[in-house]
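Chemist: This one is structure19.cif, mmCIF, N, CA and C atoms.
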data_data
#
loop_
_atom_site.label_atom_id
_atom_site.label_comp_id
_atom_site.auth_asym_id
_atom_site.auth_seq_id
_atom_site.Cartn_x
_atom_site.Cartn_y
_atom_site.Cartn_z
N MET A 1 11.08 -10.16 -7.50
CA MET A 1 9.64 -10.28 -7.48
C MET A 1 9.24 -11.70 -7.89
N GLU A 2 8.48 -12.36 -7.06
CA GLU A 2 8.06 -13.72 -7.36
C GLU A 2 6.81 -13.72 -8.24
N THR A 3 6.72 -14.73 -9.06
CA THR A 3 5.52 -14.90 -9.87
C THR A 3 4.79 -16.15 -9.42
N THR A 4 3.54 -16.26 -9.81
CA THR A 4 2.76 -17.43 -9.43
C THR A 4 3.23 -18.68 -10.17
N ASN A 5 3.97 -18.52 -11.27
CA ASN A 5 4.44 -19.65 -12.05
C ASN A 5 5.77 -20.20 -11.55
N GLN A 6 6.35 -19.59 -10.54
CA GLN A 6 7.68 -20.00 -10.11
C GLN A 6 7.76 -21.48 -9.74
N PRO A 7 6.86 -22.04 -8.92
CA PRO A 7 6.96 -23.47 -8.62
C PRO A 7 6.86 -24.34 -9.87
N VAL A 8 5.98 -23.98 -10.79
CA VAL A 8 5.83 -24.76 -12.02
C VAL A 8 7.08 -24.63 -12.88
N ASP A 9 7.65 -23.44 -12.94
CA ASP A 9 8.89 -23.24 -13.70
C ASP A 9 10.03 -24.06 -13.11
N GLN A 10 10.10 -24.12 -11.79
CA GLN A 10 11.13 -24.94 -11.15
C GLN A 10 10.92 -26.42 -11.46
N TRP A 11 9.67 -26.88 -11.43
CA TRP A 11 9.38 -28.27 -11.77
C TRP A 11 9.73 -28.55 -13.23
N ARG A 12 9.45 -27.59 -14.10
CA ARG A 12 9.74 -27.76 -15.53
C ARG A 12 11.25 -27.98 -15.73
N GLU A 13 12.06 -27.16 -15.07
CA GLU A 13 13.52 -27.30 -15.17
C GLU A 13 13.99 -28.63 -14.59
N THR A 14 13.45 -29.00 -13.43
CA THR A 14 13.83 -30.25 -12.78
C THR A 14 13.42 -31.45 -13.63
N LEU A 15 12.21 -31.44 -14.15
CA LEU A 15 11.75 -32.53 -15.01
C LEU A 15 12.62 -32.67 -16.25
N GLU A 16 12.98 -31.57 -16.85
CA GLU A 16 13.82 -31.62 -18.03
C GLU A 16 15.16 -32.29 -17.73
N LYS A 17 15.77 -31.94 -16.61
CA LYS A 17 17.05 -32.55 -16.22
C LYS A 17 16.91 -34.05 -15.97
N ILE A 18 15.88 -34.42 -15.22
CA ILE A 18 15.68 -35.84 -14.88
C ILE A 18 15.38 -36.66 -16.13
N LEU A 19 14.46 -36.17 -16.95
CA LEU A 19 14.08 -36.93 -18.14
C LEU A 19 15.22 -36.99 -19.16
N GLN A 20 16.03 -35.94 -19.25
CA GLN A 20 17.18 -35.97 -20.15
C GLN A 20 18.19 -37.03 -19.68
N TYR A 21 18.37 -37.13 -18.37
CA TYR A 21 19.25 -38.16 -17.82
C TYR A 21 18.78 -39.56 -18.25
N TYR A 22 17.50 -39.84 -18.09
CA TYR A 22 16.97 -41.15 -18.47
C TYR A 22 16.99 -41.37 -19.97
N ALA A 23 16.77 -40.32 -20.73
CA ALA A 23 16.82 -40.46 -22.19
C ALA A 23 18.23 -40.77 -22.67
N ASP A 24 19.23 -40.29 -21.95
CA ASP A 24 20.63 -40.51 -22.34
C ASP A 24 21.18 -41.87 -21.90
N LEU A 25 20.47 -42.58 -21.03
CA LEU A 25 20.96 -43.88 -20.57
C LEU A 25 20.95 -44.89 -21.72
N PRO A 26 22.06 -45.58 -21.93
CA PRO A 26 22.07 -46.60 -22.99
C PRO A 26 21.35 -47.86 -22.53
N TYR A 27 20.70 -48.52 -23.47
CA TYR A 27 20.08 -49.81 -23.17
C TYR A 27 21.15 -50.88 -23.11
N THR A 28 20.97 -51.86 -22.24
CA THR A 28 21.97 -52.92 -22.11
C THR A 28 21.87 -53.95 -23.22
N TYR A 29 20.75 -53.99 -23.88
CA TYR A 29 20.60 -54.95 -24.99
C TYR A 29 19.75 -54.30 -26.08
N GLY A 30 20.01 -54.68 -27.29
CA GLY A 30 19.21 -54.20 -28.40
C GLY A 30 19.57 -52.79 -28.83
N ASP A 31 19.10 -52.45 -29.99
CA ASP A 31 19.32 -51.14 -30.56
C ASP A 31 18.08 -50.29 -30.28
N VAL A 32 18.12 -49.52 -29.21
CA VAL A 32 16.97 -48.74 -28.78
C VAL A 32 17.28 -47.26 -28.95
N ILE A 33 16.39 -46.57 -29.60
CA ILE A 33 16.52 -45.13 -29.78
C ILE A 33 15.51 -44.46 -28.86
N THR A 34 16.00 -43.54 -28.02
CA THR A 34 15.13 -42.84 -27.08
C THR A 34 15.10 -41.36 -27.43
N TYR A 35 13.91 -40.81 -27.50
CA TYR A 35 13.73 -39.40 -27.80
C TYR A 35 13.15 -38.69 -26.59
N LEU A 36 13.61 -37.49 -26.33
CA LEU A 36 13.02 -36.62 -25.32
C LEU A 36 12.44 -35.43 -26.06
N ILE A 37 11.13 -35.24 -25.96
CA ILE A 37 10.43 -34.17 -26.66
C ILE A 37 9.84 -33.25 -25.60
N ILE A 38 10.21 -31.96 -25.67
CA ILE A 38 9.76 -30.99 -24.67
C ILE A 38 9.14 -29.79 -25.39
N SER A 39 7.96 -29.40 -24.91
CA SER A 39 7.34 -28.15 -25.36
C SER A 39 7.06 -27.32 -24.11
N ALA A 40 6.32 -26.26 -24.26
CA ALA A 40 6.04 -25.38 -23.12
C ALA A 40 5.27 -26.09 -22.01
N VAL A 41 4.42 -27.04 -22.37
CA VAL A 41 3.59 -27.70 -21.36
C VAL A 41 3.65 -29.22 -21.41
N ASN A 42 4.44 -29.79 -22.30
CA ASN A 42 4.51 -31.24 -22.44
C ASN A 42 5.94 -31.75 -22.36
N PHE A 43 6.09 -32.90 -21.71
CA PHE A 43 7.35 -33.62 -21.66
C PHE A 43 7.06 -35.04 -22.10
N LEU A 44 7.81 -35.56 -23.04
CA LEU A 44 7.56 -36.91 -23.53
C LEU A 44 8.89 -37.62 -23.74
N ILE A 45 9.04 -38.80 -23.13
CA ILE A 45 10.15 -39.70 -23.44
C ILE A 45 9.55 -40.84 -24.24
N TYR A 46 10.14 -41.09 -25.39
CA TYR A 46 9.61 -42.13 -26.27
C TYR A 46 10.74 -43.05 -26.68
N ASN A 47 10.56 -44.34 -26.46
CA ASN A 47 11.51 -45.37 -26.90
C ASN A 47 11.01 -45.97 -28.19
N TYR A 48 11.85 -45.94 -29.20
CA TYR A 48 11.46 -46.50 -30.50
C TYR A 48 11.24 -47.99 -30.41
N ARG A 49 12.12 -48.69 -29.69
CA ARG A 49 11.98 -50.13 -29.43
C ARG A 49 12.36 -50.39 -27.99
N PRO A 50 11.64 -50.92 -27.15
CA PRO A 50 10.22 -51.26 -27.28
C PRO A 50 9.39 -49.98 -27.27
N ASN A 51 8.18 -50.09 -27.73
CA ASN A 51 7.32 -48.92 -27.83
C ASN A 51 6.82 -48.54 -26.43
N ALA A 52 7.58 -47.68 -25.76
CA ALA A 52 7.23 -47.25 -24.41
C ALA A 52 7.35 -45.74 -24.32
N GLN A 53 6.54 -45.15 -23.48
CA GLN A 53 6.63 -43.70 -23.35
C GLN A 53 6.22 -43.24 -21.96
N ILE A 54 6.74 -42.07 -21.59
CA ILE A 54 6.35 -41.36 -20.38
C ILE A 54 5.90 -39.99 -20.85
N HIS A 55 4.71 -39.59 -20.45
CA HIS A 55 4.18 -38.29 -20.86
C HIS A 55 3.77 -37.52 -19.62
N ILE A 56 4.33 -36.32 -19.45
CA ILE A 56 3.98 -35.43 -18.34
C ILE A 56 3.49 -34.14 -18.96
N GLU A 57 2.36 -33.66 -18.47
CA GLU A 57 1.76 -32.46 -19.03
C GLU A 57 1.46 -31.47 -17.90
N ILE A 58 1.62 -30.17 -18.18
CA ILE A 58 1.29 -29.13 -17.22
C ILE A 58 -0.06 -28.55 -17.61
N ILE A 59 -1.05 -28.72 -16.72
CA ILE A 59 -2.39 -28.21 -16.95
C ILE A 59 -2.83 -27.46 -15.69
N ASN A 60 -3.22 -26.21 -15.85
CA ASN A 60 -3.68 -25.39 -14.72
C ASN A 60 -2.69 -25.39 -13.56
N GLN A 61 -1.42 -25.21 -13.88
CA GLN A 61 -0.35 -25.13 -12.88
C GLN A 61 -0.16 -26.42 -12.09
N LYS A 62 -0.59 -27.56 -12.67
CA LYS A 62 -0.40 -28.87 -12.04
C LYS A 62 0.26 -29.81 -13.03
N LEU A 63 1.01 -30.76 -12.50
CA LEU A 63 1.68 -31.76 -13.33
C LEU A 63 0.80 -32.99 -13.44
N TRP A 64 0.61 -33.48 -14.65
CA TRP A 64 -0.20 -34.68 -14.92
C TRP A 64 0.68 -35.70 -15.59
N LEU A 65 0.77 -36.88 -14.99
CA LEU A 65 1.55 -37.99 -15.53
C LEU A 65 0.60 -38.91 -16.25
N ASN A 66 0.84 -39.11 -17.54
CA ASN A 66 -0.02 -39.98 -18.35
C ASN A 66 0.73 -41.24 -18.72
#
Do you think you could lay out the structure here as structure tokens?

Modeler:
Amino acid sequence: METTNQPVDQWRETLEKILQYYADLPYTYGDVITYLIISAVNFLIYNYRPNAQIHIEIINQKLWLN
């Protein structure tokens, strides 16, 4: 039985895999710490140095890139 959330659930899984891949990449220079923070509706990659981030949010069954 399909649910209406299935496409969003698939995107959530795909985003988690892609963002985890990028969070695990080592920086070629400098001591950079990268965090991947995931909640039910938010995905955030945060670099401690330099201060950079990618934020994706699920609102009303749509993905929003901030």

Chemist: Residues near stretch 9-19 of chain A, anyone? I mean within 8 Å using all atoms listed in the file, not counting same-chain ones fewer than 5 positions away, as a PyMOL selection string.

Modeler: chain A and resi 4+24-25+35-36+38+43-45

Chemist: Kindly save the residues from that selection, with N, CA and C atoms included, as a PDB file, in the coordinates of the input.

Modeler:
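Result written to selection.pdb:
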ATOM      1  N   THR A   4       3.540 -16.260  -9.810  1.00  0.00           N
ATOM      2  CA  THR A   4       2.760 -17.430  -9.430  1.00  0.00           C
ATOM      3  C   THR A   4       3.230 -18.680 -10.170  1.00  0.00           C
ATOM      4  N   ASP A  24      19.230 -40.290 -21.950  1.00  0.00           N
ATOM      5  CA  ASP A  24      20.630 -40.510 -22.340  1.00  0.00           C
ATOM      6  C   ASP A  24      21.180 -41.870 -21.900  1.00  0.00           C
ATOM      7  N   LEU A  25      20.470 -42.580 -21.030  1.00  0.00           N
ATOM      8  CA  LEU A  25      20.960 -43.880 -20.570  1.00  0.00           C
ATOM      9  C   LEU A  25      20.950 -44.890 -21.720  1.00  0.00           C
ATOM     10  N   TYR A  35      13.910 -40.810 -27.500  1.00  0.00           N
ATOM     11  CA  TYR A  35      13.730 -39.400 -27.800  1.00  0.00           C
ATOM     12  C   TYR A  35      13.150 -38.690 -26.590  1.00  0.00           C
ATOM     13  N   LEU A  36      13.610 -37.490 -26.330  1.00  0.00           N
ATOM     14  CA  LEU A  36      13.020 -36.620 -25.320  1.00  0.00           C
ATOM     15  C   LEU A  36      12.440 -35.430 -26.060  1.00  0.00           C
ATOM     16  N   ILE A  38      10.210 -31.960 -25.670  1.00  0.00           N
ATOM     17  CA  ILE A  38       9.760 -30.990 -24.670  1.00  0.00           C
ATOM     18  C   ILE A  38       9.140 -29.790 -25.390  1.00  0.00           C
ATOM     19  N   PHE A  43       6.090 -32.900 -21.710  1.00  0.00           N
ATOM     20  CA  PHE A  43       7.350 -33.620 -21.660  1.00  0.00           C
ATOM     21  C   PHE A  43       7.060 -35.040 -22.100  1.00  0.00           C
ATOM     22  N   LEU A  44       7.810 -35.560 -23.040  1.00  0.00           N
ATOM     23  CA  LEU A  44       7.560 -36.910 -23.530  1.00  0.00           C
ATOM     24  C   LEU A  44       8.890 -37.620 -23.740  1.00  0.00           C
ATOM     25  N   ILE A  45       9.040 -38.800 -23.130  1.00  0.00           N
ATOM     26  CA  ILE A  45      10.150 -39.700 -23.440  1.00  0.00           C
ATOM     27  C   ILE A  45       9.550 -40.840 -24.240  1.00  0.00           C
TER      28      ILE A  45
END

Chemist: For the structure shown, which residues end up in the PyMOL selection byres ((chain A and resi 55) around 6)? Put them as JSON, numbers by chain, please?

Modeler: {"A": [43, 44, 45, 53, 54, 56, 57, 64, 65, 66]}

Chemist: Any chance you can output those residues with N, CA and C atoms as a PDB file, in the frame of the given file?

Modeler:
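Final file, part37.pdb:
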ATOM      1  N   PHE A  43       6.090 -32.900 -21.710  1.00  0.00           N
ATOM      2  CA  PHE A  43       7.350 -33.620 -21.660  1.00  0.00           C
ATOM      3  C   PHE A  43       7.060 -35.040 -22.100  1.00  0.00           C
ATOM      4  N   LEU A  44       7.810 -35.560 -23.040  1.00  0.00           N
ATOM      5  CA  LEU A  44       7.560 -36.910 -23.530  1.00  0.00           C
ATOM      6  C   LEU A  44       8.890 -37.620 -23.740  1.00  0.00           C
ATOM      7  N   ILE A  45       9.040 -38.800 -23.130  1.00  0.00           N
ATOM      8  CA  ILE A  45      10.150 -39.700 -23.440  1.00  0.00           C
ATOM      9  C   ILE A  45       9.550 -40.840 -24.240  1.00  0.00           C
ATOM     10  N   GLN A  53       6.540 -45.150 -23.480  1.00  0.00           N
ATOM     11  CA  GLN A  53       6.630 -43.700 -23.350  1.00  0.00           C
ATOM     12  C   GLN A  53       6.220 -43.240 -21.960  1.00  0.00           C
ATOM     13  N   ILE A  54       6.740 -42.070 -21.590  1.00  0.00           N
ATOM     14  CA  ILE A  54       6.350 -41.360 -20.380  1.00  0.00           C
ATOM     15  C   ILE A  54       5.900 -39.990 -20.850  1.00  0.00           C
ATOM     16  N   ILE A  56       4.330 -36.320 -19.450  1.00  0.00           N
ATOM     17  CA  ILE A  56       3.980 -35.430 -18.340  1.00  0.00           C
ATOM     18  C   ILE A  56       3.490 -34.140 -18.960  1.00  0.00           C
ATOM     19  N   GLU A  57       2.360 -33.660 -18.470  1.00  0.00           N
ATOM     20  CA  GLU A  57       1.760 -32.460 -19.030  1.00  0.00           C
ATOM     21  C   GLU A  57       1.460 -31.470 -17.900  1.00  0.00           C
ATOM     22  N   TRP A  64       0.610 -33.480 -14.650  1.00  0.00           N
ATOM     23  CA  TRP A  64      -0.200 -34.680 -14.920  1.00  0.00           C
ATOM     24  C   TRP A  64       0.680 -35.700 -15.590  1.00  0.00           C
ATOM     25  N   LEU A  65       0.770 -36.880 -14.990  1.00  0.00           N
ATOM     26  CA  LEU A  65       1.550 -37.990 -15.530  1.00  0.00           C
ATOM     27  C   LEU A  65       0.600 -38.910 -16.250  1.00  0.00           C
ATOM     28  N   ASN A  66       0.840 -39.110 -17.540  1.00  0.00           N
ATOM     29  CA  ASN A  66      -0.020 -39.980 -18.350  1.00  0.00           C
ATOM     30  C   ASN A  66       0.730 -41.240 -18.720  1.00  0.00           C
TER      31      ASN A  66
END

Chemist: Would you compute the distance between atom CA of A:Lys62 and atom N of A:Ala40? Give it in Å to one decimal.

Modeler: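 One can read the atom CA of A:Lys62 to atom N of A:Ala40 distance as 14.2 Å.
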
Chemist: Could you list the residues chosen by the PyMOL selection byres ((chain A and resi 48) around 6.5) in this structure as a list of chain:residue names?

Modeler: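 Applying the expression gives A:Val32, A:Ile33, A:Thr34, A:Tyr35, A:Tyr46, A:Asn47, A:Arg49, A:Pro50, A:Asn51, A:Ala52.
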
Chemist: Choose the residue, out of A:Tyr22, A:Val8, A:Ile37, A:Gly30, that has the smallest atom-to-atom separation from A:Asn60; count only C-alpha atoms.

Modeler: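 For A:Asn60, the nearest of the given residues is A:Val8.
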
Chemist: Enter the distance from atom CA of A:Gln20 to atom C of A:Val41, in Å, rounded to one decimal.

Modeler: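 Spanning atom CA of A:Gln20 to atom C of A:Val41 is a straight-line distance of 15.2 Å.
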
Chemist: What does the distance between atom CA of A:Gln61 and atom C of A:Ser39 come to in Å, to one decimal place?

Modeler: 13.6 Å

Chemist: Which centre and edge lengths in Å to one decimal define the box along x, y and z that fits every listed atom of stretch 48-60 of chain A plus 5 Å per side, as AutoDock Vina command-line options?

Modeler:
--center_x 4.3 --center_y -38.3 --center_z -22.0 --size_x 26.0 --size_y 35.9 --size_z 26.9

Chemist: Give the alpha helix (DSSP H) residues of chain A, as DSSP finds them on the backbone, and put them as a ChimeraX atom specification.

Modeler: /A:6-24

Chemist: Just list as number ranges by chain whatever in stretch 13-64 of chain A DSSP marks as strand (DSSP E or B).

Modeler: A: 34-38, 42-47, 52-59, 62-64

Chemist: Complete stretch 15-34 of chain A with N, CA, C and O atoms (output as an mmCIF file, in the coordinates of the input).

Modeler:
data_model
loop_
_atom_site.group_PDB
_atom_site.id
_atom_site.type_symbol
_atom_site.label_atom_id
_atom_site.label_comp_id
_atom_site.auth_asym_id
_atom_site.auth_seq_id
_atom_site.Cartn_x
_atom_site.Cartn_y
_atom_site.Cartn_z
ATOM 1 N N LEU A 15 12.210 -31.440 -14.150
ATOM 2 C CA LEU A 15 11.750 -32.530 -15.010
ATOM 3 C C LEU A 15 12.620 -32.670 -16.250
ATOM 4 O O LEU A 15 12.958 -33.785 -16.653
ATOM 5 N N GLU A 16 12.980 -31.570 -16.850
ATOM 6 C CA GLU A 16 13.820 -31.620 -18.030
ATOM 7 C C GLU A 16 15.160 -32.290 -17.730
ATOM 8 O O GLU A 16 15.624 -33.141 -18.480
ATOM 9 N N LYS A 17 15.770 -31.940 -16.610
ATOM 10 C CA LYS A 17 17.050 -32.550 -16.220
ATOM 11 C C LYS A 17 16.910 -34.050 -15.970
ATOM 12 O O LYS A 17 17.712 -34.854 -16.425
ATOM 13 N N ILE A 18 15.880 -34.420 -15.220
ATOM 14 C CA ILE A 18 15.680 -35.840 -14.880
ATOM 15 C C ILE A 18 15.380 -36.660 -16.130
ATOM 16 O O ILE A 18 15.969 -37.726 -16.351
ATOM 17 N N LEU A 19 14.460 -36.170 -16.950
ATOM 18 C CA LEU A 19 14.080 -36.930 -18.140
ATOM 19 C C LEU A 19 15.220 -36.990 -19.160
ATOM 20 O O LEU A 19 15.382 -38.003 -19.837
ATOM 21 N N GLN A 20 16.030 -35.940 -19.250
ATOM 22 C CA GLN A 20 17.180 -35.970 -20.150
ATOM 23 C C GLN A 20 18.190 -37.030 -19.680
ATOM 24 O O GLN A 20 18.768 -37.754 -20.492
ATOM 25 N N TYR A 21 18.370 -37.130 -18.370
ATOM 26 C CA TYR A 21 19.250 -38.160 -17.820
ATOM 27 C C TYR A 21 18.780 -39.560 -18.250
ATOM 28 O O TYR A 21 19.571 -40.369 -18.726
ATOM 29 N N TYR A 22 17.500 -39.840 -18.090
ATOM 30 C CA TYR A 22 16.970 -41.150 -18.470
ATOM 31 C C TYR A 22 16.990 -41.370 -19.970
ATOM 32 O O TYR A 22 17.216 -42.480 -20.436
ATOM 33 N N ALA A 23 16.770 -40.320 -20.730
ATOM 34 C CA ALA A 23 16.820 -40.460 -22.190
ATOM 35 C C ALA A 23 18.230 -40.770 -22.670
ATOM 36 O O ALA A 23 18.417 -41.457 -23.678
ATOM 37 N N ASP A 24 19.230 -40.290 -21.950
ATOM 38 C CA ASP A 24 20.630 -40.510 -22.340
ATOM 39 C C ASP A 24 21.180 -41.870 -21.900
ATOM 40 O O ASP A 24 22.252 -42.276 -22.356
ATOM 41 N N LEU A 25 20.470 -42.580 -21.030
ATOM 42 C CA LEU A 25 20.960 -43.880 -20.570
ATOM 43 C C LEU A 25 20.950 -44.890 -21.720
ATOM 44 O O LEU A 25 19.937 -45.038 -22.412
ATOM 45 N N PRO A 26 22.060 -45.580 -21.930
ATOM 46 C CA PRO A 26 22.070 -46.600 -22.990
ATOM 47 C C PRO A 26 21.350 -47.860 -22.530
ATOM 48 O O PRO A 26 21.347 -48.199 -21.344
ATOM 49 N N TYR A 27 20.700 -48.520 -23.470
ATOM 50 C CA TYR A 27 20.080 -49.810 -23.170
ATOM 51 C C TYR A 27 21.150 -50.880 -23.110
ATOM 52 O O TYR A 27 22.124 -50.825 -23.853
ATOM 53 N N THR A 28 20.970 -51.860 -22.240
ATOM 54 C CA THR A 28 21.970 -52.920 -22.110
ATOM 55 C C THR A 28 21.870 -53.950 -23.220
ATOM 56 O O THR A 28 22.811 -54.697 -23.438
ATOM 57 N N TYR A 29 20.750 -53.990 -23.880
ATOM 58 C CA TYR A 29 20.600 -54.950 -24.990
ATOM 59 C C TYR A 29 19.750 -54.300 -26.080
ATOM 60 O O TYR A 29 18.882 -53.469 -25.810
ATOM 61 N N GLY A 30 20.010 -54.680 -27.290
ATOM 62 C CA GLY A 30 19.210 -54.200 -28.400
ATOM 63 C C GLY A 30 19.570 -52.790 -28.830
ATOM 64 O O GLY A 30 20.277 -52.058 -28.156
ATOM 65 N N ASP A 31 19.100 -52.450 -29.990
ATOM 66 C CA ASP A 31 19.320 -51.140 -30.560
ATOM 67 C C ASP A 31 18.080 -50.290 -30.280
ATOM 68 O O ASP A 31 17.097 -50.358 -31.015
ATOM 69 N N VAL A 32 18.120 -49.520 -29.210
ATOM 70 C CA VAL A 32 16.970 -48.740 -28.780
ATOM 71 C C VAL A 32 17.280 -47.260 -28.950
ATOM 72 O O VAL A 32 18.307 -46.773 -28.508
ATOM 73 N N ILE A 33 16.390 -46.570 -29.600
ATOM 74 C CA ILE A 33 16.520 -45.130 -29.780
ATOM 75 C C ILE A 33 15.510 -44.460 -28.860
ATOM 76 O O ILE A 33 14.324 -44.775 -28.875
ATOM 77 N N THR A 34 16.000 -43.540 -28.020
ATOM 78 C CA THR A 34 15.130 -42.840 -27.080
ATOM 79 C C THR A 34 15.100 -41.360 -27.430
ATOM 80 O O THR A 34 16.148 -40.758 -27.634
#
